[in-house]
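Trainee: Below you'll find model-v7.txt; it's compact mmCIF, C-alpha atoms.
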# COMPACT_ATOMS: atom_id res chain seq x y z
CA MET Z 1 -27.14 15.04 -36.01
CA VAL Z 2 -26.13 11.87 -37.89
CA GLN Z 3 -28.28 10.43 -40.64
CA ALA Z 4 -28.41 6.65 -40.90
CA LYS Z 5 -29.29 4.69 -44.01
CA LEU Z 6 -31.10 1.41 -43.52
CA TRP Z 7 -32.67 -1.34 -45.58
CA SER Z 8 -36.10 -2.53 -44.46
CA LEU Z 9 -38.06 -5.61 -45.48
CA THR Z 10 -41.11 -4.18 -47.22
CA LYS Z 11 -42.72 -7.55 -47.94
CA HIS Z 12 -41.91 -11.07 -46.77
CA PHE Z 13 -40.17 -13.18 -49.39
CA ASP Z 14 -42.31 -15.42 -51.56
CA GLY Z 15 -39.89 -17.59 -53.47
CA PHE Z 16 -36.56 -16.05 -54.44
CA PRO Z 17 -36.03 -12.49 -53.12
CA ASN Z 18 -36.25 -9.53 -55.48
CA ASP Z 19 -35.65 -5.77 -55.31
CA ALA Z 20 -39.30 -5.11 -54.43
CA ASN Z 21 -38.78 -6.86 -51.06
CA PHE Z 22 -36.45 -4.09 -49.87
CA GLU Z 23 -36.65 -0.34 -49.29
CA LEU Z 24 -33.76 2.02 -48.57
CA LYS Z 25 -34.65 4.56 -45.89
CA VAL Z 26 -32.92 7.43 -44.11
CA GLU Z 27 -33.44 8.34 -40.46
CA ASP Z 28 -32.02 10.97 -38.12
CA LEU Z 29 -30.28 9.56 -35.07
CA PRO Z 30 -30.30 11.19 -31.63
CA GLU Z 31 -27.13 12.04 -29.76
CA PRO Z 32 -25.90 9.16 -27.56
CA LYS Z 33 -27.10 9.32 -23.95
CA ASP Z 34 -25.10 8.19 -20.94
CA GLY Z 35 -24.10 4.56 -21.45
CA GLU Z 36 -24.71 4.70 -25.21
CA VAL Z 37 -22.47 4.69 -28.29
CA LEU Z 38 -22.84 5.71 -31.92
CA LEU Z 39 -21.63 3.06 -34.35
CA GLU Z 40 -20.60 3.42 -37.98
CA ALA Z 41 -20.67 0.27 -40.12
CA LYS Z 42 -17.46 -0.75 -41.90
CA PHE Z 43 -18.39 -4.22 -43.15
CA LEU Z 44 -21.78 -5.93 -43.26
CA SER Z 45 -22.52 -9.61 -43.61
CA VAL Z 46 -24.96 -11.31 -45.95
CA ASP Z 47 -25.69 -14.92 -44.99
CA PRO Z 48 -28.03 -17.74 -46.05
CA TYR Z 49 -29.76 -17.83 -42.64
CA MET Z 50 -31.29 -14.40 -43.33
CA ARG Z 51 -33.65 -15.95 -45.88
CA PRO Z 52 -35.50 -18.40 -43.56
CA PHE Z 53 -35.02 -16.41 -40.35
CA SER Z 54 -36.65 -13.32 -41.85
CA GLY Z 55 -39.89 -15.24 -42.15
CA VAL Z 56 -40.06 -16.19 -38.48
CA ARG Z 57 -38.20 -13.38 -36.69
CA MET Z 58 -39.18 -10.28 -38.66
CA LYS Z 59 -42.29 -8.29 -39.44
CA GLU Z 60 -42.78 -6.42 -42.68
CA GLY Z 61 -41.24 -2.98 -42.27
CA ASP Z 62 -38.47 -4.17 -39.92
CA VAL Z 63 -34.83 -3.44 -40.64
CA MET Z 64 -33.24 -6.50 -42.29
CA ILE Z 65 -31.49 -8.70 -39.77
CA GLY Z 66 -27.75 -9.09 -39.87
CA THR Z 67 -24.35 -8.54 -38.34
CA GLN Z 68 -21.65 -5.96 -39.03
CA VAL Z 69 -18.18 -4.87 -38.04
CA ALA Z 70 -18.61 -1.31 -36.82
CA LYS Z 71 -16.47 1.47 -35.38
CA VAL Z 72 -17.46 3.52 -32.34
CA ILE Z 73 -17.48 7.16 -33.49
CA GLN Z 74 -19.16 8.70 -30.42
CA SER Z 75 -19.22 7.21 -26.95
CA LYS Z 76 -20.69 7.80 -23.54
CA ASN Z 77 -19.87 4.26 -22.48
CA ASN Z 78 -16.45 3.58 -20.95
CA THR Z 79 -16.51 -0.04 -22.13
CA PHE Z 80 -16.54 1.08 -25.77
CA PRO Z 81 -14.34 4.17 -26.24
CA VAL Z 82 -14.20 6.07 -29.54
CA GLY Z 83 -12.20 4.14 -32.13
CA THR Z 84 -13.17 0.71 -30.79
CA HIS Z 85 -14.19 -1.90 -33.38
CA VAL Z 86 -17.04 -4.24 -32.48
CA VAL Z 87 -19.25 -6.92 -33.96
CA ALA Z 88 -22.82 -5.66 -33.79
CA ARG Z 89 -26.08 -7.46 -34.51
CA CYS Z 90 -27.98 -4.37 -35.55
CA GLY Z 91 -29.08 -5.28 -39.06
CA TRP Z 92 -28.61 -3.54 -42.39
CA ARG Z 93 -27.77 -0.03 -41.12
CA THR Z 94 -24.92 2.38 -41.75
CA HIS Z 95 -25.18 3.89 -38.25
CA VAL Z 96 -26.94 3.07 -35.01
CA VAL Z 97 -27.12 4.36 -31.43
CA CYS Z 98 -27.14 1.55 -28.85
CA ASN Z 99 -26.31 0.87 -25.20
CA GLY Z 100 -23.64 -1.73 -25.91
CA THR Z 101 -25.55 -4.69 -24.48
CA ASP Z 102 -25.21 -6.90 -27.56
CA LEU Z 103 -21.85 -5.59 -28.78
CA VAL Z 104 -18.82 -7.89 -28.92
CA HIS Z 105 -15.30 -6.49 -28.94
CA ILE Z 106 -13.07 -7.52 -31.82
CA LEU Z 107 -10.40 -9.87 -30.46
CA PRO Z 108 -7.65 -7.89 -28.70
CA ASN Z 109 -4.32 -7.56 -30.53
CA TRP Z 110 -5.97 -8.21 -33.88
CA PRO Z 111 -3.06 -8.51 -36.37
CA GLU Z 112 -2.72 -5.66 -38.85
CA ASP Z 113 -2.35 -8.09 -41.75
CA VAL Z 114 -5.67 -9.84 -40.96
CA PRO Z 115 -8.70 -7.99 -42.39
CA LEU Z 116 -11.25 -6.92 -39.77
CA SER Z 117 -13.94 -8.27 -42.07
CA LEU Z 118 -12.88 -11.80 -41.07
CA ALA Z 119 -14.74 -11.13 -37.81
CA LEU Z 120 -17.84 -11.75 -39.96
CA GLY Z 121 -16.38 -14.91 -41.51
CA THR Z 122 -13.57 -17.26 -40.60
CA ILE Z 123 -13.01 -15.60 -37.20
CA GLY Z 124 -16.71 -14.99 -36.63
CA MET Z 125 -20.08 -16.69 -36.84
CA PRO Z 126 -19.30 -18.93 -39.87
CA GLY Z 127 -16.02 -20.07 -38.34
CA LEU Z 128 -17.70 -20.81 -35.02
CA THR Z 129 -20.48 -22.69 -36.81
CA ALA Z 130 -17.91 -24.87 -38.57
CA LEU Z 131 -15.94 -25.50 -35.37
CA TYR Z 132 -18.94 -26.38 -33.20
CA GLY Z 133 -20.50 -28.53 -35.90
CA ILE Z 134 -17.30 -30.56 -36.16
CA GLU Z 135 -16.40 -30.79 -32.48
CA GLU Z 136 -19.66 -30.56 -30.55
CA VAL Z 137 -22.10 -32.22 -32.96
CA LEU Z 138 -20.07 -34.63 -35.08
CA GLY Z 139 -17.24 -35.40 -32.67
CA LEU Z 140 -14.99 -35.84 -35.70
CA LYS Z 141 -12.01 -38.13 -35.04
CA GLU Z 142 -8.63 -38.42 -36.70
CA GLY Z 143 -8.68 -40.75 -39.70
CA GLU Z 144 -12.40 -40.39 -40.38
CA THR Z 145 -13.93 -39.30 -43.68
CA LEU Z 146 -16.04 -36.12 -43.78
CA LEU Z 147 -18.41 -34.96 -46.51
CA VAL Z 148 -19.40 -31.29 -46.71
CA ASN Z 149 -21.67 -29.67 -49.31
CA ALA Z 150 -21.77 -25.97 -50.20
CA ALA Z 151 -18.10 -26.52 -49.47
CA ALA Z 152 -16.87 -23.30 -51.10
CA GLY Z 153 -19.07 -21.08 -48.95
CA ALA Z 154 -18.26 -19.21 -45.77
CA VAL Z 155 -18.92 -22.20 -43.48
CA GLY Z 156 -17.95 -25.03 -45.83
CA THR Z 157 -14.43 -23.75 -46.51
CA VAL Z 158 -13.72 -23.61 -42.77
CA VAL Z 159 -15.31 -27.03 -42.17
CA GLY Z 160 -13.01 -28.69 -44.67
CA GLN Z 161 -9.87 -27.01 -43.39
CA ILE Z 162 -10.57 -27.79 -39.72
CA ALA Z 163 -11.22 -31.41 -40.68
CA LYS Z 164 -7.80 -31.51 -42.40
CA ILE Z 165 -6.19 -29.98 -39.31
CA LYS Z 166 -7.71 -32.89 -37.36
CA GLY Z 167 -6.20 -35.46 -39.74
CA CYS Z 168 -9.31 -36.46 -41.67
CA LYS Z 169 -10.14 -37.20 -45.30
CA VAL Z 170 -12.37 -34.44 -46.68
CA VAL Z 171 -14.73 -34.57 -49.66
CA GLY Z 172 -16.43 -31.37 -50.80
CA SER Z 173 -19.19 -30.51 -53.24
CA ALA Z 174 -19.52 -27.09 -54.89
CA GLY Z 175 -21.33 -25.45 -57.80
CA SER Z 176 -18.59 -24.49 -60.27
CA ASP Z 177 -15.26 -25.75 -61.58
CA ALA Z 178 -13.54 -22.65 -60.19
CA LYS Z 179 -14.92 -23.42 -56.72
CA VAL Z 180 -13.77 -27.03 -57.01
CA ALA Z 181 -10.28 -25.82 -57.92
CA TYR Z 182 -10.28 -23.57 -54.85
CA LEU Z 183 -11.27 -26.48 -52.60
CA LYS Z 184 -8.30 -28.43 -53.91
CA GLU Z 185 -6.08 -25.44 -53.12
CA LEU Z 186 -7.38 -25.56 -49.55
CA GLY Z 187 -6.34 -29.19 -49.22
CA PHE Z 188 -9.62 -31.04 -49.77
CA ASP Z 189 -8.80 -34.63 -50.73
CA GLU Z 190 -11.67 -34.84 -53.23
CA ALA Z 191 -14.04 -32.24 -54.67
CA PHE Z 192 -16.62 -32.24 -57.44
CA ASN Z 193 -19.01 -29.89 -59.24
CA TYR Z 194 -22.50 -31.15 -58.46
CA LYS Z 195 -23.93 -29.22 -61.42
CA THR Z 196 -21.91 -31.07 -64.08
CA ILE Z 197 -21.71 -34.64 -62.78
CA GLY Z 198 -23.93 -37.26 -64.36
CA SER Z 199 -24.87 -38.97 -61.10
CA LEU Z 200 -24.56 -37.58 -57.59
CA GLU Z 201 -24.61 -41.12 -56.20
CA GLN Z 202 -21.70 -42.17 -58.42
CA ALA Z 203 -19.74 -39.00 -57.63
CA LEU Z 204 -20.08 -39.64 -53.90
CA LYS Z 205 -19.06 -43.30 -54.31
CA LYS Z 206 -16.06 -42.40 -56.46
CA ALA Z 207 -14.86 -39.76 -54.01
CA SER Z 208 -15.03 -42.18 -51.06
CA PRO Z 209 -15.83 -45.79 -52.03
CA GLU Z 210 -15.74 -46.83 -48.38
CA GLY Z 211 -18.47 -44.30 -47.47
CA TYR Z 212 -18.57 -41.41 -45.00
CA ASP Z 213 -18.26 -41.30 -41.22
CA CYS Z 214 -19.54 -37.71 -40.98
CA PHE Z 215 -21.63 -35.39 -43.13
CA PHE Z 216 -21.75 -31.62 -42.57
CA GLU Z 217 -25.06 -30.70 -44.21
CA ASN Z 218 -25.56 -27.20 -45.62
CA VAL Z 219 -27.88 -27.86 -48.57
CA GLY Z 220 -30.74 -30.30 -48.01
CA GLY Z 221 -33.04 -31.51 -50.79
CA PRO Z 222 -31.94 -34.29 -53.19
CA PHE Z 223 -28.29 -33.97 -52.14
CA SER Z 224 -29.21 -34.99 -48.61
CA THR Z 225 -31.11 -38.03 -49.86
CA ALA Z 226 -28.13 -39.21 -51.93
CA ALA Z 227 -25.59 -38.50 -49.19
CA LEU Z 228 -27.42 -40.49 -46.52
CA GLN Z 229 -27.24 -43.57 -48.74
CA GLN Z 230 -23.44 -43.28 -48.72
CA MET Z 231 -23.02 -42.98 -44.95
CA LYS Z 232 -21.21 -45.70 -43.05
CA ASP Z 233 -23.04 -47.56 -40.31
CA PHE Z 234 -23.29 -45.37 -37.18
CA GLY Z 235 -22.49 -42.27 -39.27
CA ARG Z 236 -23.14 -38.79 -37.88
CA ILE Z 237 -24.81 -35.89 -39.67
CA ALA Z 238 -24.65 -32.26 -38.52
CA VAL Z 239 -27.52 -30.30 -40.07
CA CYS Z 240 -26.36 -26.70 -40.37
CA GLY Z 241 -28.44 -25.46 -43.31
CA GLY Z 242 -30.77 -26.32 -46.17
CA ILE Z 243 -30.17 -23.65 -48.78
CA ALA Z 244 -31.65 -25.82 -51.55
CA THR Z 245 -35.06 -25.40 -49.89
CA TYR Z 246 -34.98 -21.81 -48.61
CA ASN Z 247 -36.63 -20.23 -51.65
CA ASP Z 248 -39.24 -22.91 -52.36
CA LYS Z 249 -42.80 -21.67 -52.70
CA THR Z 250 -44.03 -25.23 -52.18
CA PRO Z 251 -42.17 -27.46 -49.68
CA GLN Z 252 -40.21 -30.30 -51.24
CA MET Z 253 -41.66 -33.74 -50.52
CA GLY Z 254 -39.66 -36.91 -49.76
CA PRO Z 255 -38.19 -39.39 -50.25
CA TYR Z 256 -38.00 -39.80 -46.52
CA PRO Z 257 -34.83 -40.98 -44.75
CA HIS Z 258 -36.25 -43.10 -41.94
CA LEU Z 259 -35.38 -46.59 -43.21
CA THR Z 260 -31.89 -45.52 -44.24
CA MET Z 261 -31.33 -44.00 -40.81
CA ILE Z 262 -32.65 -47.12 -39.09
CA PHE Z 263 -30.69 -49.66 -41.13
CA LYS Z 264 -27.45 -47.65 -40.92
CA GLN Z 265 -28.17 -46.53 -37.33
CA LEU Z 266 -27.35 -42.94 -38.23
CA LYS Z 267 -27.33 -39.96 -35.88
CA MET Z 268 -28.61 -36.64 -37.30
CA GLU Z 269 -28.64 -33.43 -35.29
CA GLY Z 270 -29.63 -29.90 -36.19
CA PHE Z 271 -27.75 -27.09 -34.51
CA MET Z 272 -27.04 -23.37 -34.29
CA HIS Z 273 -23.72 -21.97 -33.12
CA SER Z 274 -25.39 -19.92 -30.38
CA ARG Z 275 -25.82 -23.08 -28.27
CA TRP Z 276 -22.12 -22.85 -27.38
CA GLU Z 277 -21.90 -19.06 -27.10
CA HIS Z 278 -20.17 -19.41 -23.74
CA LYS Z 279 -17.20 -20.93 -25.58
CA ASN Z 280 -16.90 -18.15 -28.15
CA PRO Z 281 -13.99 -16.18 -26.62
CA GLU Z 282 -11.70 -19.20 -26.51
CA SER Z 283 -12.99 -20.57 -29.84
CA LEU Z 284 -12.31 -17.29 -31.65
CA LYS Z 285 -8.75 -17.34 -30.29
CA ARG Z 286 -8.31 -20.86 -31.68
CA LEU Z 287 -9.58 -19.79 -35.10
CA MET Z 288 -7.29 -16.75 -35.10
CA GLY Z 289 -4.38 -18.98 -34.12
CA TRP Z 290 -4.96 -21.26 -37.10
CA VAL Z 291 -5.20 -18.22 -39.39
CA LYS Z 292 -1.90 -16.84 -38.09
CA GLU Z 293 -0.25 -20.27 -38.50
CA GLY Z 294 -1.42 -20.46 -42.12
CA LYS Z 295 -3.55 -23.54 -41.42
CA LEU Z 296 -6.84 -21.73 -42.05
CA GLN Z 297 -7.11 -19.69 -45.24
CA SER Z 298 -9.90 -17.33 -46.21
CA ARG Z 299 -11.38 -15.87 -49.35
CA GLU Z 300 -13.92 -13.06 -49.39
CA HIS Z 301 -16.44 -12.00 -52.01
CA VAL Z 302 -16.63 -8.25 -51.43
CA THR Z 303 -19.42 -6.00 -52.73
CA LYS Z 304 -18.74 -2.29 -52.33
CA GLY Z 305 -21.44 0.14 -51.30
CA PHE Z 306 -24.24 -0.02 -48.73
CA GLU Z 307 -26.72 0.65 -51.53
CA ASN Z 308 -25.84 -2.80 -52.92
CA MET Z 309 -26.90 -4.81 -49.86
CA PRO Z 310 -29.92 -6.48 -51.56
CA ALA Z 311 -27.87 -7.33 -54.66
CA ALA Z 312 -25.12 -8.85 -52.52
CA PHE Z 313 -27.70 -10.86 -50.56
CA MET Z 314 -29.39 -12.22 -53.67
CA GLY Z 315 -26.05 -12.95 -55.32
CA MET Z 316 -25.00 -14.98 -52.29
CA LEU Z 317 -28.23 -17.01 -52.47
CA ARG Z 318 -27.46 -17.68 -56.15
CA GLY Z 319 -24.01 -18.97 -55.20
CA GLU Z 320 -22.03 -16.16 -56.80
CA ASN Z 321 -19.59 -16.02 -53.88
CA THR Z 322 -16.57 -18.15 -53.13
CA GLY Z 323 -15.87 -17.88 -49.40
CA LYS Z 324 -17.57 -15.25 -47.27
CA ALA Z 325 -19.91 -12.69 -48.89
CA ILE Z 326 -19.58 -9.25 -47.32
CA VAL Z 327 -20.42 -5.65 -48.14
CA ALA Z 328 -17.83 -2.94 -47.58
CA VAL Z 329 -19.34 0.44 -46.79
Mind turning the file's structure into structure tokens?
Mentor:
Amino acid sequence: MVQAKLWSLTKHFDGFPNDANFELKVEDLPEPKDGEVLLEAKFLSVDPYMRPFSGVRMKEGDVMIGTQVAKVIQSKNNTFPVGTHVVARCGWRTHVVCNGTDLVHILPNWPEDVPLSLALGTIGMPGLTALYGIEEVLGLKEGETLLVNAAAGAVGTVVGQIAKIKGCKVVGSAGSDAKVAYLKELGFDEAFNYKTIGSLEQALKKASPEGYDCFFENVGGPFSTAALQQMKDFGRIAVCGGIATYNDKTPQMGPYPHLTMIFKQLKMEGFMHSRWEHKNPESLKRLMGWVKEGKLQSREHVTKGFENMPAAFMGMLRGENTGKAIVAV
């Protein structure tokens, strides 16, 4: 008999999350039946999407949503023998028994010098989000100028580096001088700390006086308003996130972008990476290839201990991480 620890959502978030929203529970798991496997979590992901998605896809008392890299420790499923590592969307759990339907094998021949945790980051959902946003939504072309905010996060760091691989000028915004320095290390042409500048409008103009062809939007709020004013005519905006609004108790109101979008003839499209799930196997191989070639670098913000899942989640929402925030069990 294996005991699993899990974190449940005791009460829907109202404003910024706090410890009272979560409860650590223990449950006894049954032995796997034919076709089932028992998984043990190795690394768990904490991501911004969990904040808004929890309100529409979870009930109070549910296990917190999320993805993990797990190891098969018991198996009655020939597709997933003991010792196999998988990406599992089974939430904040240390162990789970499942039939393998939603499990994804780690890429075959995973290099020993590449951490398996990158399957939750650069070679996982954030990397795919960056790739599809650039290629499928923006259609970024060589020589164009790209703006990305939350640029030092799990998605933003990959966005900027892929844009450089494609021969583009990249401008990034982040929330600390240390993060700005890291963006410069990654090859961003321009980067600034939005918390210390006097004027966001002036910072955007200084970084790219000619304006921006493409904008990879992760933040929303006042940043979005300022950025749209700096877009070139026929500019394209990929709306990936809006973390500046996720914890609002009262929705932010205007100004509204319609006239700017009309006069500049802008194209804005929201997206989720799952739209192109059929491309994932080949896309993950491309991301791994860039990592192995040294063209795509990664940094992780690692919190140790399953008991620290809520703290890691809240820290990520506060911007404490540079790169991908993960929890190592």
Trainee: Counting only C-alpha atoms, what is within 8 Å of Leu6 (chain Z), bar same-chain residues fewer than 6 positions away, as an mmCIF file with C-alpha atoms, keeping the file's coordinate frame?
Mentor:
data_model
loop_
_atom_site.group_PDB
_atom_site.id
_atom_site.type_symbol
_atom_site.label_atom_id
_atom_site.label_comp_id
_atom_site.auth_asym_id
_atom_site.auth_seq_id
_atom_site.Cartn_x
_atom_site.Cartn_y
_atom_site.Cartn_z
ATOM 1 C CA LEU Z 24 -33.760 2.020 -48.570
ATOM 2 C CA LYS Z 25 -34.650 4.560 -45.890
ATOM 3 C CA VAL Z 26 -32.920 7.430 -44.110
ATOM 4 C CA GLU Z 27 -33.440 8.340 -40.460
ATOM 5 C CA VAL Z 63 -34.830 -3.440 -40.640
ATOM 6 C CA TRP Z 92 -28.610 -3.540 -42.390
ATOM 7 C CA ARG Z 93 -27.770 -0.030 -41.120
ATOM 8 C CA THR Z 94 -24.920 2.380 -41.750
#
Trainee: Please identify all polymer residues within 6 Å of region 65-72 of chain Z, counting all atoms listed in the file, omitting same-chain residues fewer than 2 positions from it, and present them as a ChimeraX atom specification.
Mentor: /Z:38-45,74,82-89,91
Trainee: Give me the residues near region 297-301 of chain Z as a list in words, where near means some atom within 7 Å (using all atoms listed in the file) and where sequence neighbours in that chain fewer than 6 positions away do not count.
Mentor: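 Listing them by chain and then by number gives Thr122, Val291, Asn321, Thr322, Gly323, Lys324, Ala325 and Ile326 of chain Z.
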Trainee: Filtering to C-alpha atoms, could you give me those residues as a compact mmCIF listing (two decimals), in the coordinates of the input?
Mentor:
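Result file follows (result.txt):
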# COMPACT_ATOMS: atom_id res chain seq x y z
CA THR Z 122 -13.57 -17.26 -40.60
CA VAL Z 291 -5.20 -18.22 -39.39
CA ASN Z 321 -19.59 -16.02 -53.88
CA THR Z 322 -16.57 -18.15 -53.13
CA GLY Z 323 -15.87 -17.88 -49.40
CA LYS Z 324 -17.57 -15.25 -47.27
CA ALA Z 325 -19.91 -12.69 -48.89
CA ILE Z 326 -19.58 -9.25 -47.32
Trainee: Separation of CA of Pro48 (chain Z) and CA of Phe22 (chain Z), in Å?
Mentor: 16.5 Å
Trainee: Quick one: residues within 12 Å of Gln202 (chain Z), all atoms listed in the file, excluding same-chain residues fewer than 4 positions away - as a ChimeraX atom specification?
Mentor: /Z:192,194,197-198,206-209,211,226-227,229-230
Trainee: Between CA of Lys232 (chain Z) and CA of Tyr212 (chain Z), what is the distance, to one decimal in Å?
Mentor: 5.4 Å
Trainee: Report as a Markdown table the residues of region 222-242 of chain Z within 6 Å of region 264-269 of chain Z, each with its shortest atom pair and distance in Å (one decimal), using all atoms listed in the file, ordered by chain and increasing residue number.
Mentor:
| residue | atom | partner | partner_atom | distance |
| --- | --- | --- | --- | --- |
| Z:Asp233 | CA | Z:Lys264 | CA | 4.5 |
| Z:Phe234 | CA | Z:Leu266 | CA | 4.8 |
| Z:Gly235 | CA | Z:Leu266 | CA | 5.0 |
| Z:Arg236 | CA | Z:Lys267 | CA | 4.8 |
| Z:Ile237 | CA | Z:Met268 | CA | 4.5 |
| Z:Ala238 | CA | Z:Glu269 | CA | 5.3 |
| Z:Val239 | CA | Z:Glu269 | CA | 5.8 |
Trainee: Compile a residue-level contact table for region 216-292 of chain Z against region 111-115 of chain Z at a cut-off of 12 Å, reporting for every qualifying residue the shortest atom pair and its distance in Å to one decimal, with all atoms listed in the file counted, rows ordered by chain and ascending number, as CSV.
Mentor:
residue,atom,partner,partner_atom,distance
Z:Met288,CA,Z:Val114,CA,9.2
Z:Gly289,CA,Z:Pro111,CA,10.8
Z:Val291,CA,Z:Val114,CA,8.5
Z:Lys292,CA,Z:Val114,CA,8.5
Trainee: Write a file of the just-selected residues containing C-alpha atoms, as a PDB file, in the coordinates of the input.
Mentor:
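The result, written out as out-v1.pdb:
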ATOM      1  CA  MET Z 288      -7.290 -16.750 -35.100  1.00  0.00           C
ATOM      2  CA  GLY Z 289      -4.380 -18.980 -34.120  1.00  0.00           C
ATOM      3  CA  VAL Z 291      -5.200 -18.220 -39.390  1.00  0.00           C
ATOM      4  CA  LYS Z 292      -1.900 -16.840 -38.090  1.00  0.00           C
TER       5      LYS Z 292
END
Trainee: Of the candidates Z:Ile162, Z:Val148, Z:Leu284, Z:Ile262, which shows the shortest atom-to-atom distance to Gly124 (chain Z), using all atoms listed in the file?
Mentor: Z:Leu284
Trainee: Residues within 8 Å of region 99-101 of chain Z, please, as a ChimeraX atom specification. Count all atoms listed in the file; anything in the same chain fewer than 3 positions from it doesn't count.
Mentor: /Z:35-37,77,80
Trainee: Between CA of Glu31 (chain Z) and CA of Lys304 (chain Z), what is the spacing in Å?
Mentor: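 Calculated distance between CA of Lys304 (chain Z) and CA of Glu31 (chain Z) is 28.0 Å.
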Trainee: My list of candidates is Z:Trp290, Z:Trp110, Z:Phe13, Z:Phe216. Which is closest to Ala151 (chain Z) when distances are computed with only C-alpha atoms?
Mentor: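 Checking each candidate against Ala151 (chain Z), we get Z:Phe216 as the closest.
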Trainee: For a quick check of understanding, using only C-alpha atoms, which of Z:Met64, Z:Met1, Z:Leu287, Z:Ala152 has the smallest distance to Tyr182 (chain Z)?
Mentor: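 Going through Z:Met64, Z:Met1, Z:Leu287, Z:Ala152 one by one, the smallest distance to Tyr182 (chain Z) is for Z:Ala152.
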Trainee: List every residue of region 189-307 of chain Z that has an atom at most 10 Å from any atom of region 173-180 of chain Z, giving for each one its closest atom pair and the distance in Å to one decimal, counting only C-alpha atoms, sorted by chain and then by ascending residue number, as JSON lines.
Mentor:
{"residue": "Z:Glu190", "atom": "CA", "partner": "Z:Ser173", "partner_atom": "CA", "distance": 8.7}
{"residue": "Z:Ala191", "atom": "CA", "partner": "Z:Ser173", "partner_atom": "CA", "distance": 5.6}
{"residue": "Z:Phe192", "atom": "CA", "partner": "Z:Ser173", "partner_atom": "CA", "distance": 5.2}
{"residue": "Z:Asn193", "atom": "CA", "partner": "Z:Ala174", "partner_atom": "CA", "distance": 5.2}
{"residue": "Z:Tyr194", "atom": "CA", "partner": "Z:Gly175", "partner_atom": "CA", "distance": 5.9}
{"residue": "Z:Lys195", "atom": "CA", "partner": "Z:Gly175", "partner_atom": "CA", "distance": 5.8}
{"residue": "Z:Thr196", "atom": "CA", "partner": "Z:Ser176", "partner_atom": "CA", "distance": 8.3}
{"residue": "Z:Leu200", "atom": "CA", "partner": "Z:Ser173", "partner_atom": "CA", "distance": 9.9}
{"residue": "Z:Ala203", "atom": "CA", "partner": "Z:Ser173", "partner_atom": "CA", "distance": 9.6}
{"residue": "Z:Leu204", "atom": "CA", "partner": "Z:Ser173", "partner_atom": "CA", "distance": 9.2}
{"residue": "Z:Phe223", "atom": "CA", "partner": "Z:Ser173", "partner_atom": "CA", "distance": 9.8}
Trainee: I need every residue sitting at most 6 Å from the point (-12.4, -22.4, -35.3) (coordinates as in the file, all atoms listed in the file considered), written as an mmCIF file with C-alpha atoms, keeping the file's coordinate frame.
Mentor:
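Saved the output as part_20.cif:
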data_model
loop_
_atom_site.group_PDB
_atom_site.id
_atom_site.type_symbol
_atom_site.label_atom_id
_atom_site.label_comp_id
_atom_site.auth_asym_id
_atom_site.auth_seq_id
_atom_site.Cartn_x
_atom_site.Cartn_y
_atom_site.Cartn_z
ATOM 1 C CA GLY Z 127 -16.020 -20.070 -38.340
ATOM 2 C CA LEU Z 128 -17.700 -20.810 -35.020
ATOM 3 C CA LEU Z 131 -15.940 -25.500 -35.370
ATOM 4 C CA SER Z 283 -12.990 -20.570 -29.840
ATOM 5 C CA ARG Z 286 -8.310 -20.860 -31.680
ATOM 6 C CA LEU Z 287 -9.580 -19.790 -35.100
#
Trainee: Check the smallest atom-to-atom distance from each of Z:Ala154, Z:Val329, Z:Ala163, Z:Met253 to Ile134 (chain Z) using all atoms listed in the file, then report the winner.
Mentor: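 The shortest atom-to-atom distance to Ile134 (chain Z) comes from Z:Ala163.
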Trainee: From the list Z:Ala311, Z:Ser224, Z:Gly241, Z:Val327, which residue is nearest Glu201 (chain Z) when using all atoms listed in the file?
Mentor: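 Closest to Glu201 (chain Z) of all the choices is Z:Ser224.
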Trainee: Taking all atoms listed in the file into account, name the residue in Z:Leu116, Z:Val96, Z:Leu103, Z:Cys168 that is nearest to Leu147 (chain Z).
Mentor: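 Between Z:Leu116, Z:Val96, Z:Leu103, Z:Cys168, the residue approaching Leu147 (chain Z) most closely is Z:Cys168.
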